[in-house]
file query_36.pdb (PDB, C-alpha atoms and all ligand atoms)
MODEL        1
ATOM      1  CA  MET B   1    -133.278 -69.164 -49.537
ATOM      2  CA  SER B   2    -134.919 -71.107 -46.711
ATOM      3  CA  ARG B   3    -138.468 -72.205 -47.223
ATOM      4  CA  PRO B   4    -140.081 -70.207 -44.336
ATOM      5  CA  PHE B   5    -138.436 -67.065 -45.666
ATOM      6  CA  ALA B   6    -139.782 -67.747 -49.146
ATOM      7  CA  ILE B   7    -143.306 -68.186 -47.758
ATOM      8  CA  ALA B   8    -143.069 -64.957 -45.757
ATOM      9  CA  LEU B   9    -141.879 -63.075 -48.819
ATOM     10  CA  ALA B  10    -144.764 -64.468 -50.871
ATOM     11  CA  ALA B  11    -147.218 -63.278 -48.213
ATOM     12  CA  ILE B  12    -145.739 -59.774 -48.290
ATOM     13  CA  LEU B  13    -145.973 -59.634 -52.081
ATOM     14  CA  ALA B  14    -149.578 -60.870 -51.985
ATOM     15  CA  ALA B  15    -150.489 -58.160 -49.459
ATOM     16  CA  ALA B  16    -148.891 -55.516 -51.674
ATOM     17  CA  VAL B  17    -150.891 -56.687 -54.673
ATOM     18  CA  ALA B  18    -154.132 -56.836 -52.701
ATOM     19  CA  ALA B  19    -154.012 -53.139 -51.798
ATOM     20  CA  PRO B  20    -152.579 -51.363 -54.825
ATOM     21  CA  LEU B  21    -154.089 -47.984 -53.946
ATOM     22  CA  ALA B  22    -152.922 -47.794 -50.350
ATOM     23  CA  GLN B  23    -149.812 -45.653 -50.107
ATOM     24  CA  ALA B  24    -147.848 -44.161 -47.279
ATOM     25  CA  GLY B  25    -149.424 -40.871 -46.302
ATOM     26  CA  ASP B  26    -152.997 -41.921 -47.103
ATOM     27  CA  TYR B  27    -155.830 -41.614 -44.590
ATOM     28  CA  LYS B  28    -159.081 -43.596 -44.390
ATOM     29  CA  LEU B  29    -162.383 -42.307 -43.027
ATOM     30  CA  GLY B  30    -165.223 -44.735 -43.679
ATOM     31  CA  ALA B  31    -165.679 -44.889 -47.449
ATOM     32  CA  LEU B  32    -163.327 -41.939 -47.956
ATOM     33  CA  THR B  33    -159.639 -42.132 -48.731
ATOM     34  CA  ILE B  34    -157.576 -38.972 -48.410
ATOM     35  CA  ARG B  35    -154.474 -39.427 -50.522
ATOM     36  CA  GLN B  36    -151.095 -37.786 -50.105
ATOM     37  CA  PRO B  37    -152.013 -34.513 -48.404
ATOM     38  CA  TRP B  38    -149.224 -31.968 -48.878
ATOM     39  CA  SER B  39    -148.339 -28.329 -48.572
ATOM     40  CA  ARG B  40    -145.615 -25.943 -49.663
ATOM     41  CA  PRO B  41    -142.996 -24.088 -47.605
ATOM     42  CA  ALA B  42    -144.243 -20.726 -46.317
ATOM     43  CA  GLN B  43    -143.260 -18.035 -43.838
ATOM     44  CA  ALA B  44    -145.003 -17.201 -40.574
ATOM     45  CA  GLY B  45    -147.827 -14.738 -41.137
ATOM     46  CA  MET B  46    -148.127 -15.727 -44.792
ATOM     47  CA  ASN B  47    -150.742 -17.952 -46.393
ATOM     48  CA  GLY B  48    -150.130 -21.620 -46.991
ATOM     49  CA  VAL B  49    -151.786 -24.079 -49.337
ATOM     50  CA  GLY B  50    -153.081 -27.609 -48.957
ATOM     51  CA  PHE B  51    -153.438 -30.262 -51.649
ATOM     52  CA  MET B  52    -154.675 -33.880 -51.660
ATOM     53  CA  THR B  53    -157.009 -36.212 -53.470
ATOM     54  CA  ILE B  54    -160.226 -37.285 -51.744
ATOM     55  CA  ALA B  55    -161.825 -40.484 -53.080
ATOM     56  CA  ASN B  56    -165.308 -41.682 -52.109
ATOM     57  CA  ALA B  57    -165.920 -45.420 -52.483
ATOM     58  CA  GLY B  58    -169.401 -45.091 -50.959
ATOM     59  CA  LYS B  59    -172.810 -45.032 -52.619
ATOM     60  CA  THR B  60    -173.732 -41.504 -51.515
ATOM     61  CA  PRO B  61    -171.972 -38.192 -52.198
ATOM     62  CA  VAL B  62    -170.052 -36.619 -49.323
ATOM     63  CA  THR B  63    -169.356 -32.897 -48.969
ATOM     64  CA  LEU B  64    -166.162 -31.484 -47.529
ATOM     65  CA  GLN B  65    -167.791 -28.640 -45.606
ATOM     66  CA  ARG B  66    -164.951 -26.889 -43.885
ATOM     67  CA  VAL B  67    -161.397 -27.281 -42.670
ATOM     68  CA  GLU B  68    -159.918 -26.418 -39.293
ATOM     69  CA  THR B  69    -156.343 -26.040 -38.104
ATOM     70  CA  THR B  70    -154.426 -25.001 -35.033
ATOM     71  CA  ALA B  71    -151.507 -23.914 -37.244
ATOM     72  CA  ALA B  72    -153.087 -20.777 -38.692
ATOM     73  CA  GLY B  73    -155.819 -18.203 -38.282
ATOM     74  CA  SER B  74    -158.271 -20.065 -40.485
ATOM     75  CA  VAL B  75    -158.602 -22.286 -43.543
ATOM     76  CA  GLU B  76    -160.742 -21.619 -46.606
ATOM     77  CA  ILE B  77    -161.597 -23.974 -49.455
ATOM     78  CA  HIS B  78    -160.754 -22.287 -52.768
ATOM     79  CA  GLN B  79    -160.992 -23.077 -56.430
ATOM     80  CA  SER B  80    -158.672 -21.517 -58.960
ATOM     81  CA  ALA B  81    -159.930 -21.027 -62.479
ATOM     82  CA  MET B  82    -158.985 -19.190 -65.637
ATOM     83  CA  VAL B  83    -161.533 -16.448 -66.366
ATOM     84  CA  ASN B  84    -160.934 -14.527 -69.603
ATOM     85  CA  GLY B  85    -157.279 -15.470 -69.488
ATOM     86  CA  VAL B  86    -156.801 -14.342 -65.896
ATOM     87  CA  MET B  87    -156.224 -16.769 -63.026
ATOM     88  CA  THR B  88    -158.724 -16.122 -60.284
ATOM     89  CA  MET B  89    -159.737 -17.972 -57.169
ATOM     90  CA  ARG B  90    -163.028 -18.243 -55.419
ATOM     91  CA  GLU B  91    -163.946 -19.409 -51.942
ATOM     92  CA  GLN B  92    -166.163 -22.518 -52.014
ATOM     93  CA  ASP B  93    -168.339 -21.556 -49.069
ATOM     94  CA  LYS B  94    -170.785 -24.403 -49.678
ATOM     95  CA  GLY B  95    -167.923 -26.889 -49.623
ATOM     96  CA  VAL B  96    -166.860 -29.376 -52.266
ATOM     97  CA  VAL B  97    -168.887 -32.485 -53.132
ATOM     98  CA  ILE B  98    -167.006 -35.751 -53.449
ATOM     99  CA  PRO B  99    -169.285 -37.802 -55.747
ATOM    100  CA  ALA B 100    -170.292 -41.383 -54.933
ATOM    101  CA  GLY B 101    -167.735 -43.689 -56.481
ATOM    102  CA  GLY B 102    -165.635 -40.716 -57.564
ATOM    103  CA  GLN B 103    -162.797 -38.514 -56.410
ATOM    104  CA  VAL B 104    -161.808 -34.861 -56.342
ATOM    105  CA  ALA B 105    -158.258 -33.633 -56.713
ATOM    106  CA  PHE B 106    -157.107 -30.652 -54.703
ATOM    107  CA  ALA B 107    -154.107 -29.701 -56.797
ATOM    108  CA  PRO B 108    -152.203 -26.635 -58.016
ATOM    109  CA  GLY B 109    -154.417 -24.680 -60.417
ATOM    110  CA  GLY B 110    -157.696 -26.154 -59.135
ATOM    111  CA  TYR B 111    -159.260 -26.787 -55.756
ATOM    112  CA  HIS B 112    -156.972 -26.087 -52.828
ATOM    113  CA  LEU B 113    -157.017 -25.342 -49.138
ATOM    114  CA  MET B 114    -156.024 -21.746 -48.391
ATOM    115  CA  ILE B 115    -154.375 -21.643 -44.979
ATOM    116  CA  LEU B 116    -154.607 -18.039 -43.843
ATOM    117  CA  SER B 117    -152.056 -16.367 -41.549
ATOM    118  CA  LEU B 118    -149.722 -19.189 -40.582
ATOM    119  CA  LYS B 119    -148.657 -18.978 -36.942
ATOM    120  CA  ALA B 120    -145.198 -20.351 -37.700
ATOM    121  CA  ALA B 121    -142.981 -20.880 -40.708
ATOM    122  CA  GLN B 122    -143.391 -24.272 -42.332
ATOM    123  CA  GLY B 123    -140.332 -25.853 -43.882
ATOM    124  CA  VAL B 124    -139.739 -28.867 -46.085
ATOM    125  CA  GLY B 125    -140.403 -32.099 -44.189
ATOM    126  CA  GLN B 126    -142.607 -30.522 -41.550
ATOM    127  CA  LYS B 127    -146.235 -31.553 -41.026
ATOM    128  CA  VAL B 128    -149.175 -29.164 -40.922
ATOM    129  CA  PRO B 129    -152.151 -30.648 -39.043
ATOM    130  CA  VAL B 130    -155.597 -29.947 -40.496
ATOM    131  CA  THR B 131    -159.039 -31.359 -39.704
ATOM    132  CA  LEU B 132    -161.351 -32.026 -42.645
ATOM    133  CA  VAL B 133    -165.014 -31.698 -41.614
ATOM    134  CA  PHE B 134    -167.543 -33.573 -43.760
ATOM    135  CA  ASP B 135    -171.328 -33.222 -43.931
ATOM    136  CA  ASN B 136    -171.927 -36.611 -42.403
ATOM    137  CA  GLY B 137    -170.519 -35.156 -39.200
ATOM    138  CA  ARG B 138    -167.283 -37.000 -39.371
ATOM    139  CA  LYS B 139    -163.861 -35.458 -39.167
ATOM    140  CA  ALA B 140    -160.540 -36.598 -40.597
ATOM    141  CA  GLN B 141    -157.358 -35.345 -39.005
ATOM    142  CA  VAL B 142    -154.586 -35.339 -41.574
ATOM    143  CA  ASP B 143    -151.065 -33.985 -41.723
ATOM    144  CA  LEU B 144    -150.039 -32.012 -44.784
ATOM    145  CA  THR B 145    -146.429 -32.893 -45.567
ATOM    146  CA  VAL B 146    -144.490 -29.785 -46.544
ATOM    147  CA  GLN B 147    -142.628 -30.333 -49.805
ATOM    148  CA  LEU B 148    -141.465 -28.387 -52.841
ATOM    149  CA  THR B 149    -143.105 -30.478 -55.552
ATOM    150  CA  PRO B 150    -146.273 -32.592 -55.820
ATOM    151  CA  PRO B 151    -146.005 -36.169 -54.515
ATOM    152  CA  ALA B 152    -144.971 -38.737 -57.104
ATOM    153  CA  GLY B 153    -148.044 -40.404 -58.540
ATOM    154  CA  GLY B 154    -150.237 -37.610 -57.237
ATOM    155  CA  GLN B 155    -152.792 -36.002 -59.456
ATOM    156  CA  ALA B 156    -151.693 -32.776 -61.022
ATOM    157  CA  SER B 157    -154.130 -30.252 -62.313
ATOM    158  CA  THR B 158    -153.645 -29.326 -65.941
ATOM    159  CA  ALA B 159    -154.400 -25.678 -65.249
ATOM    160  CA  PRO B 160    -151.477 -23.260 -64.984
ATOM    161  CA  GLU B 161    -150.351 -22.542 -61.494
ATOM    162  CA  HIS B 162    -150.957 -19.364 -59.592
ATOM    163  CA  ARG B 163    -149.329 -18.054 -56.452
ATOM    164  CA  HIS B 164    -151.000 -16.320 -53.584
TER     165      HIS B 164
HETATM  166 CU    CU F   1    -156.548 -19.723 -52.830
ENDMDL
END

call {"tool": "encode", "arguments": {"input": "query_36.pdb", "output": "structure tokens", "more": "lines below"}}
Ligand SMILES: [Cu+2]
result
Amino acid sequence: MSRPFAIALAAILAAAVAAPLAQAGDYKLGALTIRQPWSRPAQAGMNGVGFMTIANAGKTPVTLQRVETTAAGSVEIHQSAMVNGVMTMREQDKGVVIPAGGQVAFAPGGYHLMILSLKAAQGVGQKVPVTLVFDNGRKAQVDLTVQLTPPAGGQASTAPEHRH
């Protein structure tokens, strides 16, 4: 191995170590990191879902207020929960607070984006564009990657899954 190559390789390894949390498919918005947004295959006219983890490295809480998309009629923020042994879901019309220094997982069985009345079918490998609107007035445009199973290393909810 030539010496310049060895130095270049060392630099690449150092960069990888310096940013252990940055992964392909992550988005940054100020102190927020939106990790591995994904969706599931669905037919046109049906409802889709959206999952991700939102981390807040800042010193103040941030609220995800609403979500917009051009790919469907509308998007609602839902939370699934077991109530007396029955899986239910509730719209979070006040949004979801991402605590300072914390993170919230949108994952099967818990919080999720409910994408109502898809305009087109979404298949594995396709991207569904959504805009996350936060209370500090800032917007993050992210693409949900359509896949069959949660991303590797992603946070899974422990709650049993429900289907819409
Ligand atoms: Cu739902």

call {"tool": "residues_around", "arguments": {"input": "query_36.pdb", "residues": "region 35-37 of chain B", "least_positions_apart": "4", "cutoff": "8 Å", "atoms": "all atoms listed in the file", "output": "PyMOL selection string"}}
result
chain B and resi 23-27+50-55+142-145+151+154

call {"tool": "atom_distance", "arguments": {"input": "query_36.pdb", "atom1": "CA of Pro61 (chain B)", "atom2": "CA of Thr131 (chain B)"}}
result
19.2 Å

call {"tool": "resolve_selection", "arguments": {"input": "query_36.pdb", "expression": "the PyMOL selection byres (((chain B and resi 116) around 12) and not hetatm)", "output": "list in words"}}
result
Ala42, Gln43, Ala44, Gly45, Met46, Asn47, Gly48, Val49, Gly50, Val67, Glu68, Thr69, Thr70, Ala71, Ala72, Gly73, Ser74, Val75, Glu76, Ile77, His78, Leu113, Met114, Ile115, Ser117, Leu118, Lys119, Ala120 and His164 of chain B

call {"tool": "closest_residue", "arguments": {"input": "query_36.pdb", "among": "B:Asn56, B:Phe106, B:His112, B:Val62", "to": "ligand CU 1 (chain F)", "atoms": "only C-alpha atoms and all ligand atoms"}}
result
B:His112

call {"tool": "atom_distance", "arguments": {"input": "query_36.pdb", "atom1": "CA of Gly110 (chain B)", "atom2": "CA of Arg66 (chain B)"}}
result
16.9 Å

call {"tool": "closest_residue", "arguments": {"input": "query_36.pdb", "among": "B:Thr60, B:Gln92, B:Asn136, B:Gln122", "to": "ligand CU 1 (chain F)", "atoms": "all atoms listed in the file"}}
result
B:Gln92

call {"tool": "closest_residue", "arguments": {"input": "query_36.pdb", "among": "B:Thr63, B:Ser39, B:Asn84, B:Gln103", "to": "Val124 (chain B)", "atoms": "all atoms listed in the file"}}
result
B:Ser39

call {"tool": "resolve_selection", "arguments": {"input": "query_36.pdb", "expression": "the PyMOL selection byres (((chain B and resi 101) around 6) and not hetatm)", "output": "PyMOL selection string"}}
result
chain B and resi 56-58+100+102

call {"tool": "atom_distance", "arguments": {"input": "query_36.pdb", "atom1": "CA of Leu148 (chain B)", "atom2": "CA of Pro41 (chain B)"}}
result
6.9 Å

call {"tool": "closest_residue", "arguments": {"input": "query_36.pdb", "among": "B:Gln141, B:Thr149, B:Gln126, B:Ser80", "to": "ligand CU 1 (chain F)", "atoms": "all atoms listed in the file"}}
result
B:Ser80

call {"tool": "residues_around", "arguments": {"input": "query_36.pdb", "residues": "Gly137 (chain B)", "least_positions_apart": "2", "cutoff": "12 Å", "atoms": "all atoms listed in the file", "output": "MDAnalysis selection string"}}
result
chainID B and resid 29:30 62:66 132:135 139:140

call {"tool": "write_last_selection", "arguments": {"input": "query_36.pdb", "atoms": "C-alpha atoms", "output": "mmCIF file, in the coordinates of the input"}}
result
data_model
loop_
_atom_site.group_PDB
_atom_site.id
_atom_site.type_symbol
_atom_site.label_atom_id
_atom_site.label_comp_id
_atom_site.auth_asym_id
_atom_site.auth_seq_id
_atom_site.Cartn_x
_atom_site.Cartn_y
_atom_site.Cartn_z
ATOM 1 C CA LEU B 29 -162.383 -42.307 -43.027
ATOM 2 C CA GLY B 30 -165.223 -44.735 -43.679
ATOM 3 C CA VAL B 62 -170.052 -36.619 -49.323
ATOM 4 C CA THR B 63 -169.356 -32.897 -48.969
ATOM 5 C CA LEU B 64 -166.162 -31.484 -47.529
ATOM 6 C CA GLN B 65 -167.791 -28.640 -45.606
ATOM 7 C CA ARG B 66 -164.951 -26.889 -43.885
ATOM 8 C CA LEU B 132 -161.351 -32.026 -42.645
ATOM 9 C CA VAL B 133 -165.014 -31.698 -41.614
ATOM 10 C CA PHE B 134 -167.543 -33.573 -43.760
ATOM 11 C CA ASP B 135 -171.328 -33.222 -43.931
ATOM 12 C CA LYS B 139 -163.861 -35.458 -39.167
ATOM 13 C CA ALA B 140 -160.540 -36.598 -40.597
#
